file entry_9.pdb (PDB, C-alpha atoms)
ATOM      1  CA  MET A 148    -133.024  86.860 122.779
ATOM      2  CA  ARG A 149    -132.764  84.893 125.994
ATOM      3  CA  THR A 150    -134.891  81.843 126.525
ATOM      4  CA  THR A 151    -136.898  81.449 129.709
ATOM      5  CA  LYS A 152    -134.832  78.528 131.001
ATOM      6  CA  ASN A 153    -131.656  80.677 130.880
ATOM      7  CA  LEU A 154    -133.197  83.543 132.825
ATOM      8  CA  LEU A 155    -132.655  84.355 136.451
ATOM      9  CA  PRO A 156    -135.395  82.912 138.662
ATOM     10  CA  THR A 157    -136.750  86.389 139.376
ATOM     11  CA  TYR A 158    -137.728  86.836 135.701
ATOM     12  CA  GLN A 159    -140.435  84.287 136.424
ATOM     13  CA  ASP A 160    -141.968  86.819 138.835
ATOM     14  CA  LEU A 161    -142.689  89.252 135.996
ATOM     15  CA  GLU A 162    -146.046  89.449 134.268
ATOM     16  CA  GLU A 163    -144.363  91.132 131.299
ATOM     17  CA  ILE A 164    -141.214  93.041 130.367
ATOM     18  CA  ILE A 165    -142.103  96.597 129.370
ATOM     19  CA  VAL A 166    -138.600  98.028 128.857
ATOM     20  CA  SER A 167    -135.915  95.640 127.657
ATOM     21  CA  GLU A 168    -132.235  95.754 128.540
ATOM     22  CA  SER A 169    -131.328  96.924 125.006
ATOM     23  CA  MET A 170    -133.973  99.678 125.087
ATOM     24  CA  ILE A 171    -132.536 100.927 128.392
ATOM     25  CA  ARG A 172    -128.994 100.930 127.015
ATOM     26  CA  ARG A 173    -129.994 102.931 123.913
ATOM     27  CA  ARG A 174    -132.083 105.461 125.849
ATOM     28  CA  VAL A 175    -129.434 105.992 128.540
ATOM     29  CA  ARG A 176    -126.870 106.748 125.815
ATOM     30  CA  THR A 177    -129.248 109.289 124.229
ATOM     31  CA  LEU A 178    -130.073 110.869 127.599
ATOM     32  CA  GLY A 179    -126.359 111.275 128.294
ATOM     33  CA  ALA A 180    -125.939 113.182 125.032
ATOM     34  CA  GLU A 181    -129.020 115.345 125.748
ATOM     35  CA  ILE A 182    -127.751 116.203 129.236
ATOM     36  CA  SER A 183    -124.238 116.962 127.961
ATOM     37  CA  ALA A 184    -125.700 119.365 125.392
ATOM     38  CA  ALA A 185    -128.051 121.017 127.905
ATOM     39  CA  PHE A 186    -125.256 121.820 130.364
ATOM     40  CA  GLY A 187    -122.734 122.860 127.712
ATOM     41  CA  GLY A 188    -119.219 122.648 129.083
ATOM     42  CA  GLU A 189    -120.295 123.340 132.667
ATOM     43  CA  GLU A 190    -119.394 120.970 135.468
ATOM     44  CA  ILE A 191    -122.428 119.100 136.811
ATOM     45  CA  THR A 192    -123.157 118.135 140.396
ATOM     46  CA  ALA A 193    -125.246 114.995 140.034
ATOM     47  CA  VAL A 194    -127.453 114.033 142.968
ATOM     48  CA  ALA A 195    -128.880 110.519 142.824
ATOM     49  CA  ILE A 196    -131.871 109.527 144.921
ATOM     50  CA  ILE A 197    -130.900 106.115 146.220
ATOM     51  CA  ASN A 198    -131.406 103.206 146.292
ATOM     52  CA  GLY A 199    -133.696 103.244 143.241
ATOM     53  CA  ALA A 200    -131.632 105.502 140.966
ATOM     54  CA  LEU A 201    -128.300 103.828 141.718
ATOM     55  CA  LEU A 202    -128.010 101.653 138.579
ATOM     56  CA  PHE A 203    -129.526 104.316 136.332
ATOM     57  CA  ALA A 204    -127.177 107.001 137.696
ATOM     58  CA  ALA A 205    -124.094 104.805 137.278
ATOM     59  CA  ASP A 206    -124.878 104.030 133.640
ATOM     60  CA  LEU A 207    -126.099 107.522 132.760
ATOM     61  CA  LEU A 208    -123.176 109.424 134.254
ATOM     62  CA  ARG A 209    -120.739 107.365 132.156
ATOM     63  CA  GLU A 210    -122.492 108.818 129.082
ATOM     64  CA  VAL A 211    -122.180 112.478 130.162
ATOM     65  CA  ARG A 212    -119.150 114.210 128.662
ATOM     66  CA  GLN A 213    -118.332 116.973 131.148
ATOM     67  CA  PRO A 214    -116.833 116.915 134.645
ATOM     68  CA  ILE A 215    -119.207 115.523 137.270
ATOM     69  CA  ARG A 216    -119.337 115.685 141.040
ATOM     70  CA  LEU A 217    -121.622 113.075 142.599
ATOM     71  CA  ASP A 218    -123.613 112.947 145.807
ATOM     72  CA  CYS A 219    -126.527 110.825 146.926
ATOM     73  CA  ILE A 220    -129.623 111.527 148.946
ATOM     74  CA  ARG A 221    -131.841 108.887 150.520
ATOM     75  CA  VAL A 222    -135.590 109.375 150.592
ATOM     76  CA  SER A 223    -138.153 106.950 151.973
ATOM     77  CA  SER A 224    -141.637 106.940 150.479
ATOM     78  CA  TYR A 225    -142.539 103.310 149.643
ATOM     79  CA  ARG A 226    -140.915 101.078 152.262
ATOM     80  CA  ASN A 227    -142.337  97.590 151.483
ATOM     81  CA  GLU A 228    -145.493  98.819 149.722
ATOM     82  CA  THR A 229    -146.453  99.156 146.058
ATOM     83  CA  ARG A 230    -147.881 102.671 146.540
ATOM     84  CA  SER A 231    -146.271 105.760 148.001
ATOM     85  CA  LEU A 232    -147.043 106.074 151.702
ATOM     86  CA  GLY A 233    -147.656 109.814 151.642
ATOM     87  CA  LYS A 234    -145.131 112.497 152.442
ATOM     88  CA  PRO A 235    -141.581 111.498 151.496
ATOM     89  CA  GLU A 236    -139.080 111.443 154.334
ATOM     90  CA  ILE A 237    -135.492 112.551 153.677
ATOM     91  CA  VAL A 238    -133.458 109.950 155.510
ATOM     92  CA  HIS A 239    -129.960 111.081 154.452
ATOM     93  CA  SER A 240    -129.207 114.454 152.892
ATOM     94  CA  LEU A 241    -126.380 115.878 150.805
ATOM     95  CA  THR A 242    -122.781 115.818 151.946
ATOM     96  CA  ILE A 243    -121.212 118.209 149.401
ATOM     97  CA  ASP A 244    -121.751 121.931 148.927
ATOM     98  CA  ILE A 245    -123.962 122.710 145.926
ATOM     99  CA  ALA A 246    -124.069 126.512 146.231
ATOM    100  CA  ASN A 247    -123.552 128.113 142.809
ATOM    101  CA  ARG A 248    -123.295 124.669 141.167
ATOM    102  CA  HIS A 249    -125.343 123.233 138.310
ATOM    103  CA  VAL A 250    -127.291 120.355 139.856
ATOM    104  CA  LEU A 251    -128.762 117.381 138.026
ATOM    105  CA  LEU A 252    -131.156 115.418 140.247
ATOM    106  CA  LEU A 253    -131.556 111.769 139.214
ATOM    107  CA  ASP A 254    -134.399 109.463 140.219
ATOM    108  CA  ASP A 255    -135.737 106.124 139.082
ATOM    109  CA  VAL A 256    -139.428 106.975 138.709
ATOM    110  CA  LEU A 257    -141.581 110.084 138.730
ATOM    111  CA  ASP A 258    -145.079 109.108 139.788
ATOM    112  CA  THR A 259    -146.940 111.254 142.349
ATOM    113  CA  GLY A 260    -144.286 113.974 142.065
ATOM    114  CA  LYS A 261    -144.051 114.330 145.840
ATOM    115  CA  THR A 262    -140.509 112.996 146.214
ATOM    116  CA  LEU A 263    -138.932 114.986 143.393
ATOM    117  CA  SER A 264    -140.793 118.126 144.382
ATOM    118  CA  ALA A 265    -139.608 117.815 148.001
ATOM    119  CA  VAL A 266    -135.988 117.154 147.007
ATOM    120  CA  VAL A 267    -135.943 119.995 144.451
ATOM    121  CA  ASN A 268    -137.267 122.366 147.134
ATOM    122  CA  LEU A 269    -134.523 121.192 149.507
ATOM    123  CA  ILE A 270    -131.852 121.692 146.839
ATOM    124  CA  LYS A 271    -133.118 125.157 145.898
ATOM    125  CA  LYS A 272    -132.707 126.272 149.527
ATOM    126  CA  LEU A 273    -128.980 125.510 149.150
ATOM    127  CA  ASN A 274    -128.603 128.156 146.388
ATOM    128  CA  PRO A 275    -127.462 126.154 143.355
ATOM    129  CA  ALA A 276    -126.780 127.951 140.064
ATOM    130  CA  SER A 277    -129.452 125.730 138.452
ATOM    131  CA  VAL A 278    -131.433 122.533 139.061
ATOM    132  CA  LYS A 279    -132.542 120.076 136.399
ATOM    133  CA  THR A 280    -134.186 116.712 136.946
ATOM    134  CA  CYS A 281    -133.818 113.428 135.103
ATOM    135  CA  VAL A 282    -135.912 110.321 135.670
ATOM    136  CA  LEU A 283    -135.717 106.896 134.150
ATOM    137  CA  LEU A 284    -139.508 106.399 134.203
ATOM    138  CA  ASP A 285    -142.451 108.788 134.187
ATOM    139  CA  LYS A 286    -145.928 107.614 135.279
ATOM    140  CA  LYS A 287    -148.014 110.668 134.394
ATOM    141  CA  GLY A 288    -151.212 108.891 135.418
ATOM    142  CA  ARG A 289    -150.106 108.908 139.078
ATOM    143  CA  ARG A 290    -149.230 112.604 139.382
ATOM    144  CA  GLU A 291    -150.554 114.327 142.523
ATOM    145  CA  VAL A 292    -148.160 117.291 142.468
ATOM    146  CA  ASP A 293    -147.665 119.560 139.464
ATOM    147  CA  PHE A 294    -144.148 118.468 138.536
ATOM    148  CA  GLU A 295    -142.434 117.536 135.268
ATOM    149  CA  ALA A 296    -138.880 116.257 134.832
ATOM    150  CA  ASP A 297    -136.475 117.982 132.448
ATOM    151  CA  PHE A 298    -135.235 114.652 131.060
ATOM    152  CA  VAL A 299    -137.272 111.425 130.892
ATOM    153  CA  GLY A 300    -136.129 107.985 129.864
ATOM    154  CA  PHE A 301    -139.513 106.329 129.287
ATOM    155  CA  SER A 302    -143.162 107.206 129.910
ATOM    156  CA  ILE A 303    -144.988 104.155 131.211
ATOM    157  CA  PRO A 304    -148.531 103.312 132.333
ATOM    158  CA  ASP A 305    -149.494 103.107 136.002
ATOM    159  CA  GLN A 306    -148.255  99.581 136.688
ATOM    160  CA  PHE A 307    -146.019  98.381 139.505
ATOM    161  CA  VAL A 308    -142.634  97.762 137.916
ATOM    162  CA  VAL A 309    -139.342  96.342 139.141
ATOM    163  CA  GLY A 310    -135.855  95.887 137.729
ATOM    164  CA  TYR A 311    -132.896  98.078 136.793
ATOM    165  CA  GLY A 312    -132.773  99.546 140.287
ATOM    166  CA  LEU A 313    -136.508  99.520 141.023
ATOM    167  CA  ASP A 314    -137.529  97.145 143.768
ATOM    168  CA  PHE A 315    -140.252  95.562 145.772
ATOM    169  CA  ALA A 316    -139.176  95.062 149.408
ATOM    170  CA  GLU A 317    -135.545  95.539 148.243
ATOM    171  CA  ARG A 318    -135.774  92.670 145.726
ATOM    172  CA  TYR A 319    -135.553  92.624 141.898
ATOM    173  CA  ARG A 320    -133.178  95.617 141.613
ATOM    174  CA  ASN A 321    -130.609  93.488 139.769
ATOM    175  CA  LEU A 322    -132.848  92.625 136.808
ATOM    176  CA  PRO A 323    -131.383  94.300 133.688
ATOM    177  CA  CYS A 324    -134.860  95.058 132.304
ATOM    178  CA  ILE A 325    -137.983  96.712 133.707
ATOM    179  CA  GLY A 326    -141.040  94.557 134.107
ATOM    180  CA  VAL A 327    -144.450  94.404 135.740
ATOM    181  CA  LEU A 328    -144.388  92.368 138.939
ATOM    182  CA  LYS A 329    -147.079  89.684 139.010
ATOM    183  CA  SER A 330    -149.973  90.920 141.135
ATOM    184  CA  HIS A 331    -149.995  87.931 143.516
ATOM    185  CA  LEU A 332    -146.376  88.790 144.461
ATOM    186  CA  GLN A 333    -147.172  92.395 145.339
ATOM    187  CA  ASN A 334    -148.539  91.398 148.756
ATOM    188  CA  PRO A 335    -146.522  88.301 149.697
ATOM    189  CA  PRO A 336    -146.272  86.893 153.213
ATOM    190  CA  GLU A 337    -143.457  88.493 155.226
ATOM    191  CA  TRP A 338    -140.089  87.681 153.608
ATOM    192  CA  HIS A 339    -137.224  86.734 155.864
TER     193      HIS A 339
END
call {"tool": "encode", "arguments": {"input": "entry_9.pdb", "output": "structure tokens"}}
result
Amino acid sequence: MRTTKNLLPTYQDLEEIIVSESMIRRRVRTLGAEISAAFGGEEITAVAIINGALLFAADLLREVRQPIRLDCIRVSSYRNETRSLGKPEIVHSLTIDIANRHVLLLDDVLDTGKTLSAVVNLIKKLNPASVKTCVLLDKKGRREVDFEADFVGFSIPDQFVVGYGLDFAERYRNLPCIGVLKSHLQNPPEWH
């Protein structure tokens, strides 16, 4: 166990840690095995929603045992806010052909369901053989769209969390755990 004085300064910005680094490691390993079993020996085309799912995707895909093709899609829905700003905007779409491929869509957090629903609809228009979704975190209490992920790392309460790829104003992604950002830091003066 790390002591507070040995922690990165950004740990001090957390109210509490809700998913530790070791919990993430264990769950990612298990998810990799579950995904490998679900797809059998079929090649997977993984599509990561970046920037949030970048760390999760990198660790998870190393645990999957079949061939993988990887692409990324960029969606904007939070910008520098702690709540989704409405309809997600696809900023950068796929670059590889997914027709007749088994697609695994990866995201950091499923909350309102709007982003994953929009991206799944986009992917389905490209005629994949199948589409499954995997999220690191599921906030069921925030759901506005009827959507459930096929694979879920952790179900968490409706709190604003950062770390392990999740950010606030592009900060805190490098924390190896997931924690609740202190409320007074959720609306800071403009950072430069």
call {"tool": "atom_distance", "arguments": {"input": "entry_9.pdb", "atom1": "CA of Asp305 (chain A)", "atom2": "CA of Asp160 (chain A)"}}
result
18.2 Å
call {"tool": "closest_atom_pairs", "arguments": {"input": "entry_9.pdb", "of": "region 211-325 of chain A", "to": "region 194-205 of chain A", "cutoff": "6 Å", "atoms": "all atoms listed in the file", "output": "tab-separated table"}}
result
residue	atom	partner	partner_atom	distance
A:Leu217	CA	A:Val194	CA	5.9
A:Asp218	CA	A:Val194	CA	4.9
A:Cys219	CA	A:Ala195	CA	4.7
A:Ile220	CA	A:Ile196	CA	5.0
A:Arg221	CA	A:Ile197	CA	5.2
A:Leu252	CA	A:Val194	CA	4.8
A:Leu253	CA	A:Ala195	CA	4.7
A:Asp254	CA	A:Ala200	CA	4.9
A:Asp255	CA	A:Ala200	CA	4.6
A:Gly312	CA	A:Gly199	CA	4.8
A:Leu313	CA	A:Gly199	CA	5.2
call {"tool": "resolve_selection", "arguments": {"input": "entry_9.pdb", "expression": "the PyMOL selection byres ((chain A and resi 289-300) around 6)", "output": "PDB file with C-alpha atoms, in the coordinates of the input"}}
result
ATOM      1  CA  ASP A 258    -145.079 109.108 139.788  1.00  0.00           C
ATOM      2  CA  THR A 259    -146.940 111.254 142.349  1.00  0.00           C
ATOM      3  CA  GLY A 260    -144.286 113.974 142.065  1.00  0.00           C
ATOM      4  CA  LYS A 279    -132.542 120.076 136.399  1.00  0.00           C
ATOM      5  CA  THR A 280    -134.186 116.712 136.946  1.00  0.00           C
ATOM      6  CA  CYS A 281    -133.818 113.428 135.103  1.00  0.00           C
ATOM      7  CA  VAL A 282    -135.912 110.321 135.670  1.00  0.00           C
ATOM      8  CA  LEU A 283    -135.717 106.896 134.150  1.00  0.00           C
ATOM      9  CA  LEU A 284    -139.508 106.399 134.203  1.00  0.00           C
ATOM     10  CA  LYS A 286    -145.928 107.614 135.279  1.00  0.00           C
ATOM     11  CA  LYS A 287    -148.014 110.668 134.394  1.00  0.00           C
ATOM     12  CA  GLY A 288    -151.212 108.891 135.418  1.00  0.00           C
ATOM     13  CA  PHE A 301    -139.513 106.329 129.287  1.00  0.00           C
TER      14      PHE A 301
END
call {"tool": "residues_around", "arguments": {"input": "entry_9.pdb", "residues": "region 324-332 of chain A", "least_positions_apart": "2", "cutoff": "8 Å", "atoms": "all atoms listed in the file", "output": "PyMOL selection string"}}
result
chain A and resi 160-168+171+306-311+313+322+334-335
call {"tool": "atom_distance", "arguments": {"input": "entry_9.pdb", "atom1": "CA of Ser277 (chain A)", "atom2": "CA of Ile191 (chain A)"}}
result
9.8 Å
call {"tool": "residues_around", "arguments": {"input": "entry_9.pdb", "residues": "Lys234 (chain A)", "least_positions_apart": "5", "cutoff": "9 Å", "atoms": "only C-alpha atoms", "output": "PyMOL selection string"}}
result
chain A and resi 223-224+261-262+265
call {"tool": "atom_distance", "arguments": {"input": "entry_9.pdb", "atom1": "CA of Leu273 (chain A)", "atom2": "CA of Ala193 (chain A)"}}
result
14.4 Å
call {"tool": "closest_residue", "arguments": {"input": "entry_9.pdb", "among": "A:Gln213, A:Leu263, A:Met170, A:Leu207", "to": "Ala184 (chain A)", "atoms": "only C-alpha atoms"}}
result
A:Gln213
call {"tool": "residues_around", "arguments": {"input": "entry_9.pdb", "residues": "Thr192 (chain A)", "least_positions_apart": "4", "cutoff": "12 Å", "atoms": "all atoms listed in the file", "output": "count of residues only"}}
result
30
call {"tool": "decode", "arguments": {"input": "entry_9.pdb", "residues": "region 167-200 of chain A", "atoms": "N, CA and C atoms", "output": "PDB file, in the first residue's frame"}}
result
ATOM      1  N   SER A 167      -9.235   0.419  -7.106  1.00  0.00           N
ATOM      2  CA  SER A 167      -7.784   0.468  -6.961  1.00  0.00           C
ATOM      3  C   SER A 167      -7.079  -0.083  -8.194  1.00  0.00           C
ATOM      4  N   GLU A 168      -5.806   0.187  -8.279  1.00  0.00           N
ATOM      5  CA  GLU A 168      -4.978  -0.300  -9.384  1.00  0.00           C
ATOM      6  C   GLU A 168      -5.009  -1.831  -9.450  1.00  0.00           C
ATOM      7  N   SER A 169      -4.917  -2.497  -8.308  1.00  0.00           N
ATOM      8  CA  SER A 169      -4.929  -3.977  -8.308  1.00  0.00           C
ATOM      9  C   SER A 169      -6.298  -4.526  -8.713  1.00  0.00           C
ATOM     10  N   MET A 170      -7.358  -3.861  -8.315  1.00  0.00           N
ATOM     11  CA  MET A 170      -8.712  -4.296  -8.729  1.00  0.00           C
ATOM     12  C   MET A 170      -8.853  -4.182 -10.253  1.00  0.00           C
ATOM     13  N   ILE A 171      -8.348  -3.096 -10.808  1.00  0.00           N
ATOM     14  CA  ILE A 171      -8.411  -2.903 -12.267  1.00  0.00           C
ATOM     15  C   ILE A 171      -7.650  -4.013 -12.960  1.00  0.00           C
ATOM     16  N   ARG A 172      -6.437  -4.279 -12.506  1.00  0.00           N
ATOM     17  CA  ARG A 172      -5.607  -5.316 -13.133  1.00  0.00           C
ATOM     18  C   ARG A 172      -6.323  -6.666 -13.149  1.00  0.00           C
ATOM     19  N   ARG A 173      -6.876  -7.054 -11.992  1.00  0.00           N
ATOM     20  CA  ARG A 173      -7.577  -8.353 -11.899  1.00  0.00           C
ATOM     21  C   ARG A 173      -8.792  -8.396 -12.815  1.00  0.00           C
ATOM     22  N   ARG A 174      -9.584  -7.338 -12.820  1.00  0.00           N
ATOM     23  CA  ARG A 174     -10.815  -7.330 -13.625  1.00  0.00           C
ATOM     24  C   ARG A 174     -10.510  -7.306 -15.115  1.00  0.00           C
ATOM     25  N   VAL A 175      -9.484  -6.569 -15.522  1.00  0.00           N
ATOM     26  CA  VAL A 175      -9.109  -6.512 -16.935  1.00  0.00           C
ATOM     27  C   VAL A 175      -8.674  -7.905 -17.406  1.00  0.00           C
ATOM     28  N   ARG A 176      -7.933  -8.611 -16.587  1.00  0.00           N
ATOM     29  CA  ARG A 176      -7.515  -9.981 -16.928  1.00  0.00           C
ATOM     30  C   ARG A 176      -8.738 -10.877 -17.120  1.00  0.00           C
ATOM     31  N   THR A 177      -9.703 -10.785 -16.212  1.00  0.00           N
ATOM     32  CA  THR A 177     -10.927 -11.589 -16.301  1.00  0.00           C
ATOM     33  C   THR A 177     -11.746 -11.205 -17.528  1.00  0.00           C
ATOM     34  N   LEU A 178     -11.879  -9.905 -17.784  1.00  0.00           N
ATOM     35  CA  LEU A 178     -12.610  -9.454 -18.974  1.00  0.00           C
ATOM     36  C   LEU A 178     -11.975  -9.989 -20.250  1.00  0.00           C
ATOM     37  N   GLY A 179     -10.656  -9.994 -20.308  1.00  0.00           N
ATOM     38  CA  GLY A 179      -9.955 -10.527 -21.472  1.00  0.00           C
ATOM     39  C   GLY A 179     -10.317 -11.982 -21.721  1.00  0.00           C
ATOM     40  N   ALA A 180     -10.375 -12.767 -20.643  1.00  0.00           N
ATOM     41  CA  ALA A 180     -10.749 -14.179 -20.774  1.00  0.00           C
ATOM     42  C   ALA A 180     -12.207 -14.319 -21.207  1.00  0.00           C
ATOM     43  N   GLU A 181     -13.098 -13.491 -20.655  1.00  0.00           N
ATOM     44  CA  GLU A 181     -14.519 -13.542 -21.025  1.00  0.00           C
ATOM     45  C   GLU A 181     -14.707 -13.187 -22.503  1.00  0.00           C
ATOM     46  N   ILE A 182     -14.003 -12.180 -22.967  1.00  0.00           N
ATOM     47  CA  ILE A 182     -14.112 -11.746 -24.360  1.00  0.00           C
ATOM     48  C   ILE A 182     -13.546 -12.815 -25.286  1.00  0.00           C
ATOM     49  N   SER A 183     -12.394 -13.382 -24.929  1.00  0.00           N
ATOM     50  CA  SER A 183     -11.800 -14.451 -25.732  1.00  0.00           C
ATOM     51  C   SER A 183     -12.771 -15.609 -25.891  1.00  0.00           C
ATOM     52  N   ALA A 184     -13.428 -15.994 -24.803  1.00  0.00           N
ATOM     53  CA  ALA A 184     -14.391 -17.101 -24.851  1.00  0.00           C
ATOM     54  C   ALA A 184     -15.609 -16.735 -25.694  1.00  0.00           C
ATOM     55  N   ALA A 185     -16.088 -15.506 -25.559  1.00  0.00           N
ATOM     56  CA  ALA A 185     -17.302 -15.088 -26.281  1.00  0.00           C
ATOM     57  C   ALA A 185     -17.095 -15.066 -27.789  1.00  0.00           C
ATOM     58  N   PHE A 186     -15.908 -14.723 -28.244  1.00  0.00           N
ATOM     59  CA  PHE A 186     -15.644 -14.642 -29.681  1.00  0.00           C
ATOM     60  C   PHE A 186     -15.066 -15.939 -30.247  1.00  0.00           C
ATOM     61  N   GLY A 187     -14.823 -16.923 -29.385  1.00  0.00           N
ATOM     62  CA  GLY A 187     -14.261 -18.182 -29.872  1.00  0.00           C
ATOM     63  C   GLY A 187     -12.913 -17.915 -30.517  1.00  0.00           C
ATOM     64  N   GLY A 188     -12.662 -18.543 -31.633  1.00  0.00           N
ATOM     65  CA  GLY A 188     -11.391 -18.343 -32.325  1.00  0.00           C
ATOM     66  C   GLY A 188     -11.440 -17.247 -33.367  1.00  0.00           C
ATOM     67  N   GLU A 189     -12.551 -16.521 -33.436  1.00  0.00           N
ATOM     68  CA  GLU A 189     -12.726 -15.500 -34.474  1.00  0.00           C
ATOM     69  C   GLU A 189     -11.837 -14.279 -34.239  1.00  0.00           C
ATOM     70  N   GLU A 190     -11.339 -13.726 -35.325  1.00  0.00           N
ATOM     71  CA  GLU A 190     -10.599 -12.474 -35.247  1.00  0.00           C
ATOM     72  C   GLU A 190     -11.554 -11.363 -34.809  1.00  0.00           C
ATOM     73  N   ILE A 191     -11.052 -10.453 -33.999  1.00  0.00           N
ATOM     74  CA  ILE A 191     -11.850  -9.340 -33.481  1.00  0.00           C
ATOM     75  C   ILE A 191     -11.335  -8.038 -34.069  1.00  0.00           C
ATOM     76  N   THR A 192     -12.249  -7.166 -34.469  1.00  0.00           N
ATOM     77  CA  THR A 192     -11.886  -5.793 -34.800  1.00  0.00           C
ATOM     78  C   THR A 192     -12.305  -4.948 -33.602  1.00  0.00           C
ATOM     79  N   ALA A 193     -11.314  -4.526 -32.833  1.00  0.00           N
ATOM     80  CA  ALA A 193     -11.580  -3.703 -31.655  1.00  0.00           C
ATOM     81  C   ALA A 193     -11.628  -2.246 -32.082  1.00  0.00           C
ATOM     82  N   VAL A 194     -12.630  -1.534 -31.577  1.00  0.00           N
ATOM     83  CA  VAL A 194     -12.769  -0.103 -31.843  1.00  0.00           C
ATOM     84  C   VAL A 194     -12.818   0.596 -30.486  1.00  0.00           C
ATOM     85  N   ALA A 195     -11.791   1.383 -30.208  1.00  0.00           N
ATOM     86  CA  ALA A 195     -11.715   2.094 -28.933  1.00  0.00           C
ATOM     87  C   ALA A 195     -12.204   3.525 -29.120  1.00  0.00           C
ATOM     88  N   ILE A 196     -13.048   3.962 -28.199  1.00  0.00           N
ATOM     89  CA  ILE A 196     -13.487   5.355 -28.193  1.00  0.00           C
ATOM     90  C   ILE A 196     -12.445   6.134 -27.389  1.00  0.00           C
ATOM     91  N   ILE A 197     -11.727   7.004 -28.085  1.00  0.00           N
ATOM     92  CA  ILE A 197     -10.636   7.713 -27.426  1.00  0.00           C
ATOM     93  C   ILE A 197     -11.036   9.159 -27.157  1.00  0.00           C
ATOM     94  N   ASN A 198     -10.436   9.759 -26.187  1.00  0.00           N
ATOM     95  CA  ASN A 198      -9.236   9.424 -25.468  1.00  0.00           C
ATOM     96  C   ASN A 198      -9.506   8.546 -24.243  1.00  0.00           C
ATOM     97  N   GLY A 199     -10.704   8.552 -23.715  1.00  0.00           N
ATOM     98  CA  GLY A 199     -11.007   7.904 -22.450  1.00  0.00           C
ATOM     99  C   GLY A 199     -10.691   6.427 -22.378  1.00  0.00           C
ATOM    100  N   ALA A 200     -10.925   5.671 -23.430  1.00  0.00           N
ATOM    101  CA  ALA A 200     -10.743   4.219 -23.389  1.00  0.00           C
ATOM    102  C   ALA A 200      -9.336   3.786 -23.762  1.00  0.00           C
TER     103      ALA A 200
END
